[in-house]
Structure formats: C-alpha cells, structure tokens
>>> print(open('target-v2.pdb').read())   # PDB, C-alpha atoms and all ligand atoms
MODEL        1
ATOM      1  CA  MET A 920      16.603  32.786  -2.908
ATOM      2  CA  ILE A 921      19.356  30.164  -3.074
ATOM      3  CA  ASP A 922      23.013  31.066  -3.627
ATOM      4  CA  VAL A 923      24.331  28.897  -6.455
ATOM      5  CA  SER A 924      27.832  30.361  -6.856
ATOM      6  CA  GLY A 925      29.378  27.189  -5.370
ATOM      7  CA  ALA A 926      27.479  24.944  -7.773
ATOM      8  CA  LEU A 927      28.461  27.100 -10.759
ATOM      9  CA  LYS A 928      32.140  26.952  -9.757
ATOM     10  CA  ASN A 929      32.043  23.183  -9.110
ATOM     11  CA  PRO A 930      30.093  21.594 -11.941
ATOM     12  CA  GLY A 931      28.916  18.070 -11.175
ATOM     13  CA  SER A 932      29.120  18.429  -7.366
ATOM     14  CA  MET A 933      25.969  18.097  -5.284
ATOM     15  CA  PHE A 934      25.055  20.887  -2.888
ATOM     16  CA  PRO A 935      22.296  20.282  -0.350
ATOM     17  CA  PHE A 936      20.025  23.255   0.301
ATOM     18  CA  THR A 937      16.975  24.289   2.304
ATOM     19  CA  GLU A 938      14.897  27.308   1.334
ATOM     20  CA  GLN A 939      11.979  28.792   3.246
ATOM     21  CA  VAL A 940       9.536  29.888   0.581
ATOM     22  CA  SER A 941       6.370  31.905   0.761
ATOM     23  CA  PHE A 942       3.528  31.823  -1.726
ATOM     24  CA  GLU A 943       0.904  34.460  -2.377
ATOM     25  CA  PRO A 944      -2.657  33.179  -1.902
ATOM     26  CA  VAL A 945      -4.405  31.995  -5.058
ATOM     27  CA  THR A 946      -8.079  32.104  -5.998
ATOM     28  CA  MET A 947      -9.492  28.839  -7.298
ATOM     29  CA  MET A 948     -13.171  28.330  -8.153
ATOM     30  CA  GLY A 949     -13.961  31.613  -6.385
ATOM     31  CA  GLU A 950     -12.216  30.590  -3.178
ATOM     32  CA  GLU A 951      -9.050  32.056  -1.712
ATOM     33  CA  ILE A 952      -6.451  29.430  -0.874
ATOM     34  CA  ALA A 953      -3.483  30.308   1.345
ATOM     35  CA  PHE A 954      -0.190  28.527   1.986
ATOM     36  CA  ARG A 955       2.009  28.339   5.067
ATOM     37  CA  ASP A 956       5.149  26.635   6.367
ATOM     38  CA  ALA A 957       6.501  26.113   2.865
ATOM     39  CA  VAL A 958       9.997  24.623   2.795
ATOM     40  CA  LEU A 959      11.928  23.485  -0.251
ATOM     41  CA  GLU A 960      14.670  21.002   0.595
ATOM     42  CA  GLY A 961      16.946  18.994  -1.669
ATOM     43  CA  GLU A 962      20.102  19.095  -3.713
ATOM     44  CA  LEU A 963      21.376  21.279  -6.501
ATOM     45  CA  PHE A 964      24.213  20.817  -8.924
ATOM     46  CA  GLY A 965      25.766  22.925 -11.630
ATOM     47  CA  ALA A 966      26.588  21.875 -15.179
ATOM     48  CA  GLU A 967      28.205  24.416 -17.503
ATOM     49  CA  GLU A 968      25.869  27.426 -17.448
ATOM     50  CA  THR A 969      22.910  25.772 -15.751
ATOM     51  CA  VAL A 970      21.915  24.693 -12.250
ATOM     52  CA  SER A 971      19.505  21.813 -11.642
ATOM     53  CA  ILE A 972      17.561  21.178  -8.468
ATOM     54  CA  ASP A 973      16.068  17.921  -7.236
ATOM     55  CA  ALA A 974      14.011  18.716  -4.144
ATOM     56  CA  ARG A 975      10.825  18.221  -2.197
ATOM     57  CA  LEU A 976       8.398  20.965  -1.317
ATOM     58  CA  LYS A 977       6.544  20.613   1.968
ATOM     59  CA  VAL A 978       3.666  23.041   2.403
ATOM     60  CA  THR A 979       0.383  23.317   4.301
ATOM     61  CA  VAL A 980      -2.540  24.438   2.174
ATOM     62  CA  GLN A 981      -5.261  26.411   3.963
ATOM     63  CA  ALA A 982      -8.599  26.085   2.209
ATOM     64  CA  HIS A 983     -12.257  25.417   2.986
ATOM     65  CA  CYS A 984     -14.307  22.236   2.751
ATOM     66  CA  ALA A 985     -16.288  22.185  -0.491
ATOM     67  CA  ARG A 986     -19.325  20.735   1.328
ATOM     68  CA  CYS A 987     -19.512  22.280   4.819
ATOM     69  CA  LEU A 988     -17.241  25.347   4.326
ATOM     70  CA  GLU A 989     -15.218  24.636   7.500
ATOM     71  CA  SER A 990     -11.523  25.478   7.213
ATOM     72  CA  VAL A 991      -9.288  22.652   6.027
ATOM     73  CA  GLU A 992      -5.539  22.257   6.452
ATOM     74  CA  TYR A 993      -4.077  20.083   3.737
ATOM     75  CA  PRO A 994      -0.396  19.089   3.945
ATOM     76  CA  MET A 995       1.379  18.484   0.651
ATOM     77  CA  ASP A 996       4.756  16.921  -0.118
ATOM     78  CA  ILE A 997       5.713  17.378  -3.753
ATOM     79  CA  GLN A 998       8.715  16.433  -5.869
ATOM     80  CA  VAL A 999      10.278  19.471  -7.559
ATOM     81  CA  GLU A1000      12.802  19.122 -10.369
ATOM     82  CA  ALA A1001      13.830  22.211 -12.287
ATOM     83  CA  VAL A1002      16.626  23.646 -14.389
ATOM     84  CA  PHE A1003      17.876  27.207 -14.008
ATOM     85  CA  SER A1004      19.929  29.060 -16.594
ATOM     86  CA  ARG A1005      21.417  32.511 -17.203
ATOM     87  CA  GLU A1006      19.615  32.480 -20.526
ATOM     88  CA  PRO A1007      16.544  30.425 -19.679
ATOM     89  CA  GLY A1008      14.916  28.559 -22.520
ATOM     90  CA  GLU A1009      11.486  27.021 -22.451
ATOM     91  CA  ASP A1010      10.738  25.214 -19.143
ATOM     92  CA  GLU A1011      13.832  26.776 -17.549
ATOM     93  CA  PHE A1012      14.007  29.346 -14.771
ATOM     94  CA  PRO A1013      16.452  32.272 -14.564
ATOM     95  CA  ILE A1014      19.701  32.503 -12.608
ATOM     96  CA  THR A1015      19.869  36.091 -11.331
ATOM     97  CA  GLY A1016      23.371  37.126 -10.263
ATOM     98  CA  HIS A1017      24.412  34.108  -8.194
ATOM     99  CA  THR A1018      20.969  33.191  -6.946
ATOM    100  CA  ILE A1019      17.952  31.184  -8.027
ATOM    101  CA  ASP A1020      14.365  31.405  -6.805
ATOM    102  CA  GLY A1021      13.389  27.835  -5.952
ATOM    103  CA  GLY A1022       9.937  29.014  -4.884
ATOM    104  CA  GLU A1023       9.066  30.065  -8.418
ATOM    105  CA  ALA A1024       9.785  26.557  -9.732
ATOM    106  CA  ALA A1025       8.038  24.917  -6.770
ATOM    107  CA  ARG A1026       4.933  27.072  -7.170
ATOM    108  CA  SER A1027       3.970  25.723 -10.592
ATOM    109  CA  GLU A1028       4.473  22.124  -9.391
ATOM    110  CA  MET A1029       2.347  22.825  -6.328
ATOM    111  CA  ILE A1030      -0.529  24.424  -8.262
ATOM    112  CA  GLY A1031      -0.513  21.492 -10.690
ATOM    113  CA  ALA A1032      -0.595  18.924  -7.853
ATOM    114  CA  MET A1033      -3.374  20.583  -5.863
ATOM    115  CA  PRO A1034      -6.749  18.812  -5.751
ATOM    116  CA  MET A1035      -9.664  20.534  -7.494
ATOM    117  CA  ARG A1036     -11.548  20.742  -4.219
ATOM    118  CA  PHE A1037     -10.887  20.113  -0.545
ATOM    119  CA  LEU A1038     -12.991  18.133   1.922
ATOM    120  CA  CYS A1039     -12.683  18.282   5.720
ATOM    121  CA  ARG A1040     -13.141  14.483   5.617
ATOM    122  CA  GLU A1041     -14.155  11.986   2.943
ATOM    123  CA  ASP A1042     -17.630  11.427   4.390
ATOM    124  CA  CYS A1043     -18.390  15.073   5.210
ATOM    125  CA  LEU A1044     -22.167  15.443   5.470
ATOM    126  CA  GLY A1045     -22.129  19.063   4.298
ATOM    127  CA  LEU A1046     -24.646  21.767   5.059
ATOM    128  CA  CYS A1047     -28.378  21.101   5.313
ATOM    129  CA  PRO A1048     -29.967  22.621   2.185
ATOM    130  CA  VAL A1049     -33.041  23.564   4.251
ATOM    131  CA  CYS A1050     -31.764  25.125   7.505
ATOM    132  CA  GLY A1051     -28.111  25.630   6.504
ATOM    133  CA  LYS A1052     -26.695  23.922   9.631
ATOM    134  CA  ASN A1053     -23.459  21.947   9.467
ATOM    135  CA  ARG A1054     -24.740  18.371   9.457
ATOM    136  CA  ASN A1055     -21.410  17.043  10.824
ATOM    137  CA  LYS A1056     -22.095  18.920  14.063
ATOM    138  CA  SER A1057     -25.827  18.505  14.544
ATOM    139  CA  LEU A1058     -28.113  16.298  12.504
ATOM    140  CA  CYS A1059     -31.255  18.335  11.933
ATOM    141  CA  THR A1060     -34.509  16.641  10.973
ATOM    142  CA  CYS A1061     -35.221  18.795   7.897
ATOM    143  CA  LEU A1062     -34.449  15.983   5.447
ATOM    144  CA  GLU A1063     -36.067  13.106   7.337
ATOM    145  CA  GLY A1064     -39.348  13.297   5.407
ATOM    146  CA  ALA A1065     -37.375  13.368   2.175
ATOM    147  CA  VAL A1066     -35.477  10.116   2.798
ATOM    148  CA  ARG A1067     -36.125   7.787  -0.113
ATOM    149  CA  PRO A1068     -37.587   4.393   0.781
ATOM    150  CA  ASN A1069     -35.071   1.579   0.449
ATOM    151  CA  PRO A1070     -35.978  -0.279  -2.793
ATOM    152  CA  PHE A1071     -34.992  -3.573  -1.170
ATOM    153  CA  SER A1072     -37.460  -3.225   1.700
ATOM    154  CA  ALA A1073     -40.385  -3.589  -0.743
ATOM    155  CA  LEU A1074     -38.768  -6.708  -2.194
ATOM    156  CA  LEU A1075     -38.170  -8.145   1.281
ATOM    157  CA  ASN A1076     -41.794  -7.571   2.231
ATOM    158  CA  LEU A1077     -42.870  -9.405  -0.914
ATOM    159  CA  LEU A1078     -40.599 -12.384  -0.123
ATOM    160  CA  ASN A1079     -41.807 -12.472   3.493
ATOM    161  CA  ASP A1080     -45.413 -12.507   2.303
ATOM    162  CA  GLN A1081     -44.706 -15.468   0.032
ATOM    163  CA  ASN A1082     -42.918 -17.345   2.822
ATOM    164  CA  ASN A1083     -45.793 -16.721   5.173
ATOM    165  CA  LYS A1084     -48.274 -18.110   2.653
ATOM    166  CA  GLU A1085     -46.236 -21.295   2.133
ATOM    167  CA  VAL A1086     -46.087 -22.053   5.879
TER     168      VAL A1086
HETATM  169 ZN    ZN B   1     -16.790  19.379   5.409
HETATM  170 ZN    ZN B   2     -31.726  21.232   8.425
ENDMDL
END
>>> encode(input="target-v2.pdb", output="structure tokens")
Amino acid sequence: MIDVSGALKNPGSMFPFTEQVSFEPVTMMGEEIAFRDAVLEGELFGAEETVSIDARLKVTVQAHCARCLESVEYPMDIQVEAVFSREPGEDEFPITGHTIDGGEAARSEMIGAMPMRFLCREDCLGLCPVCGKNRNKSLCTCLEGAVRPNPFSALLNLLNDQNNKEV
C-alpha cells in the first residue's frame, strides 16, 4: 500500500514511490504461474480528489516451458499508469483512507502483457513423443526413422544424373 496523503494535500506535485508488491499465483491454460520479486516504482501526483501513478512494474514470472516442461523464469518490465479516486469510476481504482494499492492496478497490466505460453528458449526441442525424454538434454534416436527425406535431395540427384550424361 502507498500513502498518498502528501499527494492529496499538494495537488500537482510529483511524489516518487517504490512499492514491494506480491501477486497470488494464477492458472493459465491449466498451468500454475507464480510471481516473485515484484516491485512497482515511479511517481504519483494528486489532482483534486484523485491520485495518478506513472510507474514501472518489474517482476519475475515463474512458469514452465510449453514444449519441454522445464521451469522458466521470465523477467517482465511493464509500464503502469492508473488513476485512483475516493469514488472510483470505470477504469479507476479506490483510495482507501490515505492509501492506494498499486499492486491491484499493476496486476491487470501484468496479466494483459503476459505471453500466452513460455518457452525455455526459442529453439527448444521439446519432449520426444515416443520415449518422453527431454530432447534438449539427450537426443534419442526414436524419431530418426521418421525423418522426412529432403525434397531437394531428389531434385539434386536428378540434376547430377543429367550432368553426368552430358559429360
Ligand atoms: Zn523447453
Ligand atoms: Zn525418444
């Protein structure tokens, strides 16, 4: 929670703030996603009966790779702008006593900015559908027989044959 009594008493003045926030885990596509080291840092200013914040949320998302299921740590850095009011209208957050909950505003921004799925790396090889081993760690031979022939190799053979005939 952030104390905004100063901002309410001094409309138009900027007040820097830092808030440690914590987020409950969320379930997305059947997977539990956790968050740690969440910090909201920025400036707030009061205007009449409202307080606005302009801040950045830094948070580490703890999820699992969609292909190989290894754990993935995904750092995020998100812009958070929000308006707080004693009588919050649509898209506004409440001022309770002399405090605001920056985490509540940051949470919706964070959920909206999160990727649909996480990968441990762009070229993750995933799990072998036959033996179930993590193919990033050990390349099994299960799929070797199933490798499709390169369509260009047939063409190259054809061209080589023609060249050989001409010589
Ligand atoms: Zn992976
Ligand atoms: Zn395998």
>>> closest_residue(input="target-v2.pdb", among="A:Val923, A:Leu976, A:Ala1032, A:Cys1059", to="ligand ZN 2 (chain B)", atoms="only C-alpha atoms and all ligand atoms")
A:Cys1059
>>> resolve_selection(input="target-v2.pdb", expression="the PyMOL selection byres (((chain A and resi 1021-1025) around 12) and not hetatm)", output="PyMOL selection string")
chain A and resi 920-923+936-943+957-963+970-978+995-1003+1010-1015+1018-1020+1026-1032
>>> write_last_selection(input="target-v2.pdb", atoms="C-alpha atoms", output="PDB file, keeping the file's coordinate frame")
ATOM      1  CA  MET A 920      16.603  32.786  -2.908  1.00  0.00           C
ATOM      2  CA  ILE A 921      19.356  30.164  -3.074  1.00  0.00           C
ATOM      3  CA  ASP A 922      23.013  31.066  -3.627  1.00  0.00           C
ATOM      4  CA  VAL A 923      24.331  28.897  -6.455  1.00  0.00           C
ATOM      5  CA  PHE A 936      20.025  23.255   0.301  1.00  0.00           C
ATOM      6  CA  THR A 937      16.975  24.289   2.304  1.00  0.00           C
ATOM      7  CA  GLU A 938      14.897  27.308   1.334  1.00  0.00           C
ATOM      8  CA  GLN A 939      11.979  28.792   3.246  1.00  0.00           C
ATOM      9  CA  VAL A 940       9.536  29.888   0.581  1.00  0.00           C
ATOM     10  CA  SER A 941       6.370  31.905   0.761  1.00  0.00           C
ATOM     11  CA  PHE A 942       3.528  31.823  -1.726  1.00  0.00           C
ATOM     12  CA  GLU A 943       0.904  34.460  -2.377  1.00  0.00           C
ATOM     13  CA  ALA A 957       6.501  26.113   2.865  1.00  0.00           C
ATOM     14  CA  VAL A 958       9.997  24.623   2.795  1.00  0.00           C
ATOM     15  CA  LEU A 959      11.928  23.485  -0.251  1.00  0.00           C
ATOM     16  CA  GLU A 960      14.670  21.002   0.595  1.00  0.00           C
ATOM     17  CA  GLY A 961      16.946  18.994  -1.669  1.00  0.00           C
ATOM     18  CA  GLU A 962      20.102  19.095  -3.713  1.00  0.00           C
ATOM     19  CA  LEU A 963      21.376  21.279  -6.501  1.00  0.00           C
ATOM     20  CA  VAL A 970      21.915  24.693 -12.250  1.00  0.00           C
ATOM     21  CA  SER A 971      19.505  21.813 -11.642  1.00  0.00           C
ATOM     22  CA  ILE A 972      17.561  21.178  -8.468  1.00  0.00           C
ATOM     23  CA  ASP A 973      16.068  17.921  -7.236  1.00  0.00           C
ATOM     24  CA  ALA A 974      14.011  18.716  -4.144  1.00  0.00           C
ATOM     25  CA  ARG A 975      10.825  18.221  -2.197  1.00  0.00           C
ATOM     26  CA  LEU A 976       8.398  20.965  -1.317  1.00  0.00           C
ATOM     27  CA  LYS A 977       6.544  20.613   1.968  1.00  0.00           C
ATOM     28  CA  VAL A 978       3.666  23.041   2.403  1.00  0.00           C
ATOM     29  CA  MET A 995       1.379  18.484   0.651  1.00  0.00           C
ATOM     30  CA  ASP A 996       4.756  16.921  -0.118  1.00  0.00           C
ATOM     31  CA  ILE A 997       5.713  17.378  -3.753  1.00  0.00           C
ATOM     32  CA  GLN A 998       8.715  16.433  -5.869  1.00  0.00           C
ATOM     33  CA  VAL A 999      10.278  19.471  -7.559  1.00  0.00           C
ATOM     34  CA  GLU A1000      12.802  19.122 -10.369  1.00  0.00           C
ATOM     35  CA  ALA A1001      13.830  22.211 -12.287  1.00  0.00           C
ATOM     36  CA  VAL A1002      16.626  23.646 -14.389  1.00  0.00           C
ATOM     37  CA  PHE A1003      17.876  27.207 -14.008  1.00  0.00           C
ATOM     38  CA  ASP A1010      10.738  25.214 -19.143  1.00  0.00           C
ATOM     39  CA  GLU A1011      13.832  26.776 -17.549  1.00  0.00           C
ATOM     40  CA  PHE A1012      14.007  29.346 -14.771  1.00  0.00           C
ATOM     41  CA  PRO A1013      16.452  32.272 -14.564  1.00  0.00           C
ATOM     42  CA  ILE A1014      19.701  32.503 -12.608  1.00  0.00           C
ATOM     43  CA  THR A1015      19.869  36.091 -11.331  1.00  0.00           C
ATOM     44  CA  THR A1018      20.969  33.191  -6.946  1.00  0.00           C
ATOM     45  CA  ILE A1019      17.952  31.184  -8.027  1.00  0.00           C
ATOM     46  CA  ASP A1020      14.365  31.405  -6.805  1.00  0.00           C
ATOM     47  CA  ARG A1026       4.933  27.072  -7.170  1.00  0.00           C
ATOM     48  CA  SER A1027       3.970  25.723 -10.592  1.00  0.00           C
ATOM     49  CA  GLU A1028       4.473  22.124  -9.391  1.00  0.00           C
ATOM     50  CA  MET A1029       2.347  22.825  -6.328  1.00  0.00           C
ATOM     51  CA  ILE A1030      -0.529  24.424  -8.262  1.00  0.00           C
ATOM     52  CA  GLY A1031      -0.513  21.492 -10.690  1.00  0.00           C
ATOM     53  CA  ALA A1032      -0.595  18.924  -7.853  1.00  0.00           C
TER      54      ALA A1032
END
>>> closest_atom_pairs(input="target-v2.pdb", of="chain A", to="ligand ZN 1 (chain B)", cutoff="12 Å", atoms="all atoms listed in the file", output="JSON lines")
{"residue": "A:Ala982", "atom": "CA", "partner": "B:ZN1", "partner_atom": "ZN", "distance": 11.1}
{"residue": "A:His983", "atom": "CA", "partner": "B:ZN1", "partner_atom": "ZN", "distance": 7.9}
{"residue": "A:Cys984", "atom": "CA", "partner": "B:ZN1", "partner_atom": "ZN", "distance": 4.6}
{"residue": "A:Ala985", "atom": "CA", "partner": "B:ZN1", "partner_atom": "ZN", "distance": 6.6}
{"residue": "A:Arg986", "atom": "CA", "partner": "B:ZN1", "partner_atom": "ZN", "distance": 5.0}
{"residue": "A:Cys987", "atom": "CA", "partner": "B:ZN1", "partner_atom": "ZN", "distance": 4.0}
{"residue": "A:Leu988", "atom": "CA", "partner": "B:ZN1", "partner_atom": "ZN", "distance": 6.1}
{"residue": "A:Glu989", "atom": "CA", "partner": "B:ZN1", "partner_atom": "ZN", "distance": 5.9}
{"residue": "A:Ser990", "atom": "CA", "partner": "B:ZN1", "partner_atom": "ZN", "distance": 8.3}
{"residue": "A:Val991", "atom": "CA", "partner": "B:ZN1", "partner_atom": "ZN", "distance": 8.2}
{"residue": "A:Glu992", "atom": "CA", "partner": "B:ZN1", "partner_atom": "ZN", "distance": 11.7}
{"residue": "A:Arg1036", "atom": "CA", "partner": "B:ZN1", "partner_atom": "ZN", "distance": 11.0}
{"residue": "A:Phe1037", "atom": "CA", "partner": "B:ZN1", "partner_atom": "ZN", "distance": 8.4}
{"residue": "A:Leu1038", "atom": "CA", "partner": "B:ZN1", "partner_atom": "ZN", "distance": 5.3}
{"residue": "A:Cys1039", "atom": "CA", "partner": "B:ZN1", "partner_atom": "ZN", "distance": 4.3}
{"residue": "A:Arg1040", "atom": "CA", "partner": "B:ZN1", "partner_atom": "ZN", "distance": 6.1}
{"residue": "A:Glu1041", "atom": "CA", "partner": "B:ZN1", "partner_atom": "ZN", "distance": 8.2}
{"residue": "A:Asp1042", "atom": "CA", "partner": "B:ZN1", "partner_atom": "ZN", "distance": 8.1}
{"residue": "A:Cys1043", "atom": "CA", "partner": "B:ZN1", "partner_atom": "ZN", "distance": 4.6}
{"residue": "A:Leu1044", "atom": "CA", "partner": "B:ZN1", "partner_atom": "ZN", "distance": 6.7}
{"residue": "A:Gly1045", "atom": "CA", "partner": "B:ZN1", "partner_atom": "ZN", "distance": 5.5}
{"residue": "A:Leu1046", "atom": "CA", "partner": "B:ZN1", "partner_atom": "ZN", "distance": 8.2}
{"residue": "A:Cys1047", "atom": "CA", "partner": "B:ZN1", "partner_atom": "ZN", "distance": 11.7}
{"residue": "A:Lys1052", "atom": "CA", "partner": "B:ZN1", "partner_atom": "ZN", "distance": 11.7}
{"residue": "A:Asn1053", "atom": "CA", "partner": "B:ZN1", "partner_atom": "ZN", "distance": 8.2}
{"residue": "A:Arg1054", "atom": "CA", "partner": "B:ZN1", "partner_atom": "ZN", "distance": 9.0}
{"residue": "A:Asn1055", "atom": "CA", "partner": "B:ZN1", "partner_atom": "ZN", "distance": 7.5}
{"residue": "A:Lys1056", "atom": "CA", "partner": "B:ZN1", "partner_atom": "ZN", "distance": 10.2}
>>> resolve_selection(input="target-v2.pdb", expression="the PyMOL selection byres (((not hetatm)) within 7 of (chain B and resi 2))", output="list of chain:residue names")
A:Cys1047, A:Pro1048, A:Val1049, A:Cys1050, A:Gly1051, A:Lys1052, A:Cys1059, A:Thr1060, A:Cys1061, A:Leu1062
>>> atom_distance(input="target-v2.pdb", atom1="CA of Ile952 (chain A)", atom2="CA of Ser1057 (chain A)")
27.1 Å
